[in-house]
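**Student:** The structure is given below, and queries will be raised subsequently.
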Amino acid sequence: MPATAPPDLLRRRQWLGRVGGGAATALPWASQAAASTTIRLSHVVAPDTPKGMTLERFRTLVEERSGQRIRVQIYPQGQLYGDQDEMQALQLGAVDMVAPSLSKFGPIGFPEFELFDLPFLFNSVTEVRRLTQGPLGQRLLERLGRQRLLGLGFFDNGFKHMSANRPLLEPAHFIGLRMRVQASRVIAQQMRALGAQPVTLPFSETRRALETGVVDGTENPVSNFWTQGMQTVQSDLSLTQHGYLGYAVVTHQRFWFNLPAPDRSLVQQALREALMFGNSIADAHNDKALAALQVAGSVRVHRPNNAQLTRLRQAVLPVQADLAQRIGQPWLDALHDALPKERHG
Ligand code: SIN
């Protein structure tokens, strides 16, 4: 993270200063009870995605229950901050909450979050919840305190699939391709293990990079693929279901502890319910996006057979050992302890 804010970030912060907002912005003449608070929440995907809908539910609950005294201002689609600067904006107090994918915590000093990126690790989101709702998830969120951040909870998008202008059903198909990845070393390593060259790019630049040929392919759940219009720049989607994409809602301690205690409880409860709502609709939302994609008909959809899946799984096996070396084997042991025993017994 650069020591000084990039000009782009400073410009956006000045704009934010003009539009107002910020934690517990009590008007000097108003009583505490009537004080208004705006929670500024930035994220990078479309409103009509599992993340967008979860955060919208959070907004509705907070505003209704506070009688509009607490407002939630959502800035979707990276319109305010993108992958590169949203955490920095949170640190600087230019936004109050963000919900990055778990793959984006490595570069800011929390490589343990890359556990969730391990390919072919989870068979279902139920298995993911054994981590996120258990002691391991709690430990991960607590680590954010090292940078005075506060992790408020996890939620799902779903499973990622591979796309390109050809089917990607086994390692041989990846040879020579430049694949856009999030800033996760595990995902980069996964692409290398498959024979592709990983190219780290912000989410907001991905569609354009595919269109202009800067990269040849990418991976994402179908909801993100569809809402970014990637079907117009990729001819083939391979339903590999090789990795999980989920999120953590993060705030800054300065913002959080500046809120009056009753407001903190209200916000926390609203978020808890919104995350449960988000988890309950994410799968169906991805299915809906796949159905829409198939109706639109511009993309060929492929499913790997069992032999191809086995070859993909085998190719990415070394990725786990590499992560263990970076973050320590005890994290991997805790991960496997949390997963159903029959998977590795
Ligand atoms: C997101 O769902 O937040 C973006 C994922 C990505 O960068 O691929």
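So you can find residues: chains in the structure tokens are A, B, ... in the order shown, residues in each start at 1, and ligands are numbered from 1 in order.
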Using only C-alpha atoms and all ligand atoms, find each protein or nucleic acid residue lying at most 6 Å from ligand 1; present the set as JSON, numbers by chain.
**Tutor:** {"A": [44, 45, 100, 101, 182, 203, 220]}
**Student:** Just want the 10 Å neighbourhood of Met87 (chain A), counted on only C-alpha atoms, with same-chain residues fewer than 6 positions away dropped. Output as a list in words.
**Tutor:** Met1, Ser42, Tyr81, Gly93, Ala94, Val95, Met97, Val98, Ala99, Pro100, Lys104, Phe105, Ile108, Leu149, Val250, Thr251 and His252 of chain A
**Student:** Could you pull out the residues in region 153-231 of chain A that DSSP calls strand (DSSP E or B) from the backbone, as a ChimeraX atom specification?
**Tutor:** /A:153-164,178-181,197-200,217-220
**Student:** Of the residues A:Val62, A:Leu152, A:Leu168, A:Leu131, which is the one nearest to Gln241 (chain A), using only C-alpha atoms?
**Tutor:**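 Once distances to Gln241 (chain A) are computed over only C-alpha atoms, the minimum belongs to A:Leu168.
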**Student:** I want to know what sits within 9 Å of Leu275 (chain A), based on only C-alpha atoms, with residues of the same chain fewer than 5 positions away left out; could you give that as a VMD selection string?
**Tutor:** chain A and resid 54 to 55 57 to 58 153 to 156 270 280
**Student:** Emit the selected residues as an mmCIF file, in the first residue's frame, including all heavy atoms.
**Tutor:**
data_model
loop_
_atom_site.group_PDB
_atom_site.id
_atom_site.type_symbol
_atom_site.label_atom_id
_atom_site.label_comp_id
_atom_site.auth_asym_id
_atom_site.auth_seq_id
_atom_site.Cartn_x
_atom_site.Cartn_y
_atom_site.Cartn_z
ATOM 1 N N THR A 54 -27.315 -8.305 -0.817
ATOM 2 C CA THR A 54 -27.087 -8.428 0.636
ATOM 3 C C THR A 54 -26.911 -7.039 1.255
ATOM 4 O O THR A 54 -27.503 -6.721 2.296
ATOM 5 C CB THR A 54 -25.806 -9.272 0.885
ATOM 6 O OG1 THR A 54 -25.976 -10.538 0.263
ATOM 7 C CG2 THR A 54 -25.529 -9.442 2.358
ATOM 8 N N LEU A 55 -26.119 -6.223 0.595
ATOM 9 C CA LEU A 55 -25.835 -4.900 1.160
ATOM 10 C C LEU A 55 -27.062 -3.993 1.061
ATOM 11 O O LEU A 55 -27.300 -3.144 1.918
ATOM 12 C CB LEU A 55 -24.608 -4.292 0.466
ATOM 13 C CG LEU A 55 -23.330 -5.136 0.651
ATOM 14 C CD1 LEU A 55 -22.157 -4.526 -0.095
ATOM 15 C CD2 LEU A 55 -22.971 -5.315 2.135
ATOM 16 N N ARG A 57 -30.106 -5.113 1.362
ATOM 17 C CA ARG A 57 -30.965 -5.555 2.478
ATOM 18 C C ARG A 57 -30.467 -4.914 3.789
ATOM 19 O O ARG A 57 -31.255 -4.468 4.621
ATOM 20 C CB ARG A 57 -30.942 -7.081 2.564
ATOM 21 C CG ARG A 57 -31.662 -7.683 3.766
ATOM 22 C CD ARG A 57 -33.149 -7.384 3.782
ATOM 23 N NE ARG A 57 -33.886 -8.018 2.715
ATOM 24 C CZ ARG A 57 -34.710 -9.072 2.872
ATOM 25 N NH1 ARG A 57 -34.912 -9.575 4.055
ATOM 26 N NH2 ARG A 57 -35.340 -9.577 1.834
ATOM 27 N N PHE A 58 -29.165 -4.858 3.944
ATOM 28 C CA PHE A 58 -28.576 -4.214 5.129
ATOM 29 C C PHE A 58 -29.041 -2.756 5.206
ATOM 30 O O PHE A 58 -29.489 -2.280 6.241
ATOM 31 C CB PHE A 58 -27.044 -4.316 5.033
ATOM 32 C CG PHE A 58 -26.293 -3.501 6.044
ATOM 33 C CD1 PHE A 58 -26.396 -3.772 7.408
ATOM 34 C CD2 PHE A 58 -25.465 -2.448 5.632
ATOM 35 C CE1 PHE A 58 -25.693 -3.014 8.346
ATOM 36 C CE2 PHE A 58 -24.765 -1.690 6.550
ATOM 37 C CZ PHE A 58 -24.875 -1.970 7.912
ATOM 38 N N GLY A 153 -18.351 -9.897 9.668
ATOM 39 C CA GLY A 153 -18.997 -11.162 9.270
ATOM 40 C C GLY A 153 -18.636 -11.557 7.857
ATOM 41 O O GLY A 153 -18.139 -10.741 7.075
ATOM 42 N N PHE A 154 -18.893 -12.823 7.577
ATOM 43 C CA PHE A 154 -18.620 -13.390 6.249
ATOM 44 C C PHE A 154 -19.930 -13.606 5.505
ATOM 45 O O PHE A 154 -20.969 -13.830 6.129
ATOM 46 C CB PHE A 154 -17.983 -14.770 6.393
ATOM 47 C CG PHE A 154 -16.607 -14.787 7.009
ATOM 48 C CD1 PHE A 154 -16.419 -15.123 8.350
ATOM 49 C CD2 PHE A 154 -15.487 -14.492 6.247
ATOM 50 C CE1 PHE A 154 -15.150 -15.167 8.912
ATOM 51 C CE2 PHE A 154 -14.207 -14.526 6.794
ATOM 52 C CZ PHE A 154 -14.040 -14.869 8.141
ATOM 53 N N PHE A 155 -19.877 -13.600 4.197
ATOM 54 C CA PHE A 155 -21.031 -14.066 3.414
ATOM 55 C C PHE A 155 -20.581 -14.574 2.046
ATOM 56 O O PHE A 155 -19.468 -14.324 1.609
ATOM 57 C CB PHE A 155 -22.142 -13.015 3.317
ATOM 58 C CG PHE A 155 -21.805 -11.746 2.574
ATOM 59 C CD1 PHE A 155 -22.435 -11.448 1.370
ATOM 60 C CD2 PHE A 155 -20.901 -10.836 3.071
ATOM 61 C CE1 PHE A 155 -22.165 -10.266 0.688
ATOM 62 C CE2 PHE A 155 -20.614 -9.646 2.405
ATOM 63 C CZ PHE A 155 -21.250 -9.366 1.211
ATOM 64 N N ASP A 156 -21.500 -15.294 1.398
ATOM 65 C CA ASP A 156 -21.146 -16.030 0.179
ATOM 66 C C ASP A 156 -21.511 -15.282 -1.094
ATOM 67 O O ASP A 156 -22.513 -14.577 -1.121
ATOM 68 C CB ASP A 156 -21.982 -17.326 0.075
ATOM 69 C CG ASP A 156 -21.813 -18.238 1.252
ATOM 70 O OD1 ASP A 156 -20.689 -18.323 1.783
ATOM 71 O OD2 ASP A 156 -22.819 -18.877 1.638
ATOM 72 N N ALA A 270 -28.764 -5.757 12.144
ATOM 73 C CA ALA A 270 -29.211 -5.614 10.750
ATOM 74 C C ALA A 270 -28.251 -6.344 9.820
ATOM 75 O O ALA A 270 -28.669 -7.028 8.871
ATOM 76 C CB ALA A 270 -29.299 -4.138 10.375
ATOM 77 N N SER A 280 -28.867 -16.958 1.881
ATOM 78 C CA SER A 280 -30.024 -17.772 1.471
ATOM 79 C C SER A 280 -30.378 -17.563 -0.012
ATOM 80 O O SER A 280 -31.040 -18.398 -0.604
ATOM 81 C CB SER A 280 -31.236 -17.464 2.358
ATOM 82 O OG SER A 280 -31.769 -16.202 2.009
#
**Student:** Check region 273-338 of chain A with DSSP on the backbone and list each residue it calls alpha helix (DSSP H), as a PyMOL selection string.
**Tutor:** chain A and resi 273-296+306-315+318-327+329-338
**Student:** Would you compute the distance between CA of Val233 (chain A) and CA of Ala46 (chain A)? Give it in Å to one decimal.
**Tutor:**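 If I compute the distance from CA of Val233 (chain A) to CA of Ala46 (chain A), I get 17.6 Å.
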**Student:** Calculated over only C-alpha atoms, which of the candidates A:Met179, A:Leu141, A:Val222, A:Ala248 has the smallest distance to Val299 (chain A)?
**Tutor:**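 Ranked by minimum distance to Val299 (chain A), first place goes to A:Val222.
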**Student:** Rounded to one decimal in Å, what is the spacing between CA of Arg326 (chain A) and CA of Glu112 (chain A)?
**Tutor:** 8.8 Å
**Student:** Using only C-alpha atoms, which protein or nucleic acid residues come within 10 Å of Gly213 (chain A)? Drop anything in the same chain fewer than 5 positions from it, and give the result as an MDAnalysis selection string.
**Tutor:** chainID A and resid 178 207:208 233
**Student:** Could you save those same residues with C-alpha atoms as a PDB file, in the first residue's frame?
**Tutor:**
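Final output, part-v8.pdb:
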ATOM      1  CA  ARG A 178      -3.377 -15.210 -19.840  1.00  0.00           C
ATOM      2  CA  ARG A 207     -14.355  -6.976 -18.863  1.00  0.00           C
ATOM      3  CA  ARG A 208     -12.413  -4.372 -20.815  1.00  0.00           C
ATOM      4  CA  VAL A 233     -16.464 -10.813 -24.692  1.00  0.00           C
TER       5      VAL A 233
END
**Student:** Closest to Pro119 (chain A) among A:Met191, A:Ala296, A:Val181, A:Met276, using only C-alpha atoms?
**Tutor:**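 Among A:Met191, A:Ala296, A:Val181, A:Met276, it is A:Met191 that comes nearest to Pro119 (chain A).
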**Student:** So how far away is CA of Arg129 (chain A) from CA of Ile39 (chain A), in Å?
**Tutor:** 27.2 Å
**Student:** Would you mind listing, for every residue of region 173-287 of chain A within 12 Å of region 306-309 of chain A, the two atoms forming the shortest contact and the distance between them in Å to one decimal, using only C-alpha atoms, sorted by chain and ascending residue number, as JSON lines?
**Tutor:**
{"residue": "A:His173", "atom": "CA", "partner": "A:Gln308", "partner_atom": "CA", "distance": 10.7}
{"residue": "A:Ser238", "atom": "CA", "partner": "A:Leu309", "partner_atom": "CA", "distance": 11.3}
{"residue": "A:Leu239", "atom": "CA", "partner": "A:Leu309", "partner_atom": "CA", "distance": 10.5}
{"residue": "A:Thr240", "atom": "CA", "partner": "A:Leu309", "partner_atom": "CA", "distance": 7.6}
{"residue": "A:Gln241", "atom": "CA", "partner": "A:Leu309", "partner_atom": "CA", "distance": 9.8}
{"residue": "A:His242", "atom": "CA", "partner": "A:Leu309", "partner_atom": "CA", "distance": 9.0}
